[in-house]
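All remarks here apply to the structure that follows.
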Amino acid sequence: MDRNARVEPGPPVDQNALKRAAARAALEEVVDGAIVGVGSGSTVELFIEELHGGAARPAGAVSSSERSSQRLRAAGIEVYDLNRVLAEGRRLPVYIDGADEIDGALHMIKGGGAALTREKIVAAACERFVCIVDASKCVARLGRFPLPVEVIPMARELVAARLRALGGRPLLRDGVVTDNGNHILDVVGLDIDDPAALESEIDHWPGVVTVGLFARKGADVVIIASAQGIERRAASGARA
């Protein structure tokens, strides 16, 4: 090849189209006649739009945010209270959600939409966590995306000081109050060598509601949409 030859750039990647492709692929995970767990974020919103086009018809949904609940209702999908569903002993076979970052072990950073606490609750209530992302969210190591920490307002500076002691630089997310009435600290500069250990440490601090690391219980499966197509990766011991 001529070293001076010009290499023409490929066509631009339509990230929204990739998100929709991942959302459509996740329709295969929906269990007919069962309640589906639904997360938050732009890719999940596309999944909600696509739900009526799937072969399986969910009986309804439990949702991790008020925004997702509004979109589900607008799409004609009944939204159930999680406490009621669990008290009645009903199955929640699958939870569908996105991620801000996901690594090769299917550990994630989530919370860019400030719904991390409810996302973690609904994910824990469901039997299987399917993460849907475009390829830009896949990383070798977590930490490029600022790590969200939901805190009770009176503990904000206490938690911020502890984050700084770990080497992080916390910044209050201005103008954001979570659905739970709390604040978000976005933290950059942390070394996330052991995501599960860091999740455990921060979660135990007084005033922390939850940290946006999903590592102690990561995704069971990730559906990745790229220019090359759809790829499914399963966590160790999980089915793809």
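In the structure tokens, each chain is lettered A, B, ... as it comes, each chain's residues begin at 1, and ligands are numbered from 1 in order of appearance.
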
Report as a PyMOL selection string all protein, DNA and RNA residues lying within 12 Å of segment 171-177 of chain A, evaluated on only C-alpha atoms, omitting residues in the same chain fewer than 3 positions from it.
chain A and resi 111-115+146-153+156-157+159-161+163-164+168+180-189

I need the residues from that last selection saved to file as a tab-separated table (two decimals), in the first residue's frame (with C-alpha atoms), if you can.
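Everything below was put into again-v1.tsv:
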chain	number	residue	atom	x	y	z
A	111	GLY	CA	-26.47	6.87	37.30
A	112	GLY	CA	-25.96	9.41	34.55
A	113	GLY	CA	-29.73	9.91	34.66
A	114	ALA	CA	-29.76	10.10	38.49
A	115	ALA	CA	-31.87	6.92	38.85
A	146	PRO	CA	-17.72	10.26	36.40
A	147	LEU	CA	-18.91	7.97	39.19
A	148	PRO	CA	-22.32	9.08	40.57
A	149	VAL	CA	-22.98	8.82	44.30
A	150	GLU	CA	-26.48	9.51	45.62
A	151	VAL	CA	-26.29	11.19	49.03
A	152	ILE	CA	-28.72	12.45	51.65
A	153	PRO	CA	-28.44	16.26	51.42
A	156	ARG	CA	-23.08	15.88	51.12
A	157	GLU	CA	-19.88	17.47	52.46
A	159	VAL	CA	-19.26	12.12	51.84
A	160	ALA	CA	-17.38	14.52	49.56
A	161	ALA	CA	-14.51	14.68	52.07
A	163	LEU	CA	-14.27	10.73	48.37
A	164	ARG	CA	-11.45	13.27	48.24
A	168	GLY	CA	-11.49	11.51	43.87
A	180	ASN	CA	-35.88	10.00	46.21
A	181	GLY	CA	-35.27	13.66	47.13
A	182	ASN	CA	-31.47	13.36	47.34
A	183	HIS	CA	-28.38	14.91	45.72
A	184	ILE	CA	-25.83	13.45	43.30
A	185	LEU	CA	-22.07	13.80	43.62
A	186	ASP	CA	-20.21	13.04	40.38
A	187	VAL	CA	-16.67	11.83	41.12
A	188	VAL	CA	-13.70	11.86	38.76
A	189	GLY	CA	-10.13	10.76	39.38

For the structure I just gave you, how does DSSP split segment 11-235 of chain A - specifically, which residues are strand (DSSP E)? Reply as an NGL selection string.
:A and (35-38 or 60-63 or 95-97 or 101-102 or 108-109 or 129-134 or 147-151 or 169-172 or 183-188 or 208-211 or 213-214 or 221-226 or 229-234)

Contacts of Ala61 of chain A at 9 Å or less, counting only C-alpha atoms, minus same-chain residues fewer than 6 places along, as an NGL selection string?
:A and (34-38 or 69 or 72 or 77-81)

Sort by chain and increasing residue number a table of all residues of segment 105-205 of chain A within 6 Å of segment 223-232 of chain A, each with its closest pair of atoms and their distance in Å to one decimal, counting only C-alpha atoms, and write it as a Markdown table.
| residue | atom | partner | partner_atom | distance |
| --- | --- | --- | --- | --- |
| A:Ile132 | CA | A:Ile223 | CA | 4.9 |
| A:Val133 | CA | A:Ile224 | CA | 5.2 |
| A:Asp134 | CA | A:Ala225 | CA | 4.6 |
| A:Ala135 | CA | A:Ser226 | CA | 5.3 |

Could you write out that same residue set with N, CA and C atoms as a compact mmCIF listing (two decimals), in the first residue's frame?
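Final output, saved to result_28.txt:
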# COMPACT_ATOMS: atom_id res chain seq x y z
N ILE A 132 -28.27 -3.18 27.86
CA ILE A 132 -28.29 -2.85 26.43
C ILE A 132 -27.49 -1.56 26.20
N VAL A 133 -26.49 -1.65 25.33
CA VAL A 133 -25.60 -0.51 25.09
C VAL A 133 -25.17 -0.46 23.64
N ASP A 134 -24.73 0.71 23.21
CA ASP A 134 -23.97 0.78 21.97
C ASP A 134 -22.48 0.62 22.34
N ALA A 135 -21.66 0.32 21.37
CA ALA A 135 -20.28 -0.08 21.63
C ALA A 135 -19.45 1.00 22.31

Close residues, Gly76 of chain A itself excluded, 12 Å, only C-alpha atoms, min 2 positions apart in chain, as a PyMOL selection string
chain A and resi 48-49+51-52+57-61+69-74+78-79

Using only C-alpha atoms, find the one residue out of A:Thr117, A:Asn16, A:Ser136, A:Ser236 that sits nearest to Thr210 of chain A.
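Ranked by minimum distance to Thr210 of chain A, first place goes to A:Thr117.
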
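Ranking A:Gly98, A:Pro195, A:Gly39, A:Pro93 by their shortest atom-to-atom distance to Glu66 of chain A, with only C-alpha atoms included, puts A:Gly39 first.
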
Long-range neighbours of Arg141 of chain A as a count of residues only, 12 Å cut-off, only C-alpha atoms, 6 positions minimum in chain
15

Using only C-alpha atoms for the distances, tell me which of A:Val208, A:Ala196, A:Leu166, A:Ala99 is nearest to Met154 of chain A.
A:Val208

Ala55 of chain A surroundings by only C-alpha atoms, 12 Å radius, close-in-sequence under 6 positions cut, as a JSON list (two decimals) with C-alpha atoms, in the first residue's frame:
[["chain", "number", "residue", "atom", "x", "y", "z"],
["A", 24, "ARG", "CA", -34.77, -4.20, 19.49],
["A", 25, "ALA", "CA", -32.44, -7.10, 20.25],
["A", 26, "ALA", "CA", -33.54, -6.97, 23.90],
["A", 27, "LEU", "CA", -37.15, -7.71, 22.88],
["A", 28, "GLU", "CA", -36.09, -11.36, 22.67],
["A", 29, "GLU", "CA", -35.48, -11.28, 26.43],
["A", 30, "VAL", "CA", -39.04, -10.27, 27.32],
["A", 31, "VAL", "CA", -41.08, -13.14, 28.77],
["A", 32, "ASP", "CA", -44.60, -13.38, 27.41],
["A", 33, "GLY", "CA", -47.26, -12.70, 30.05]]
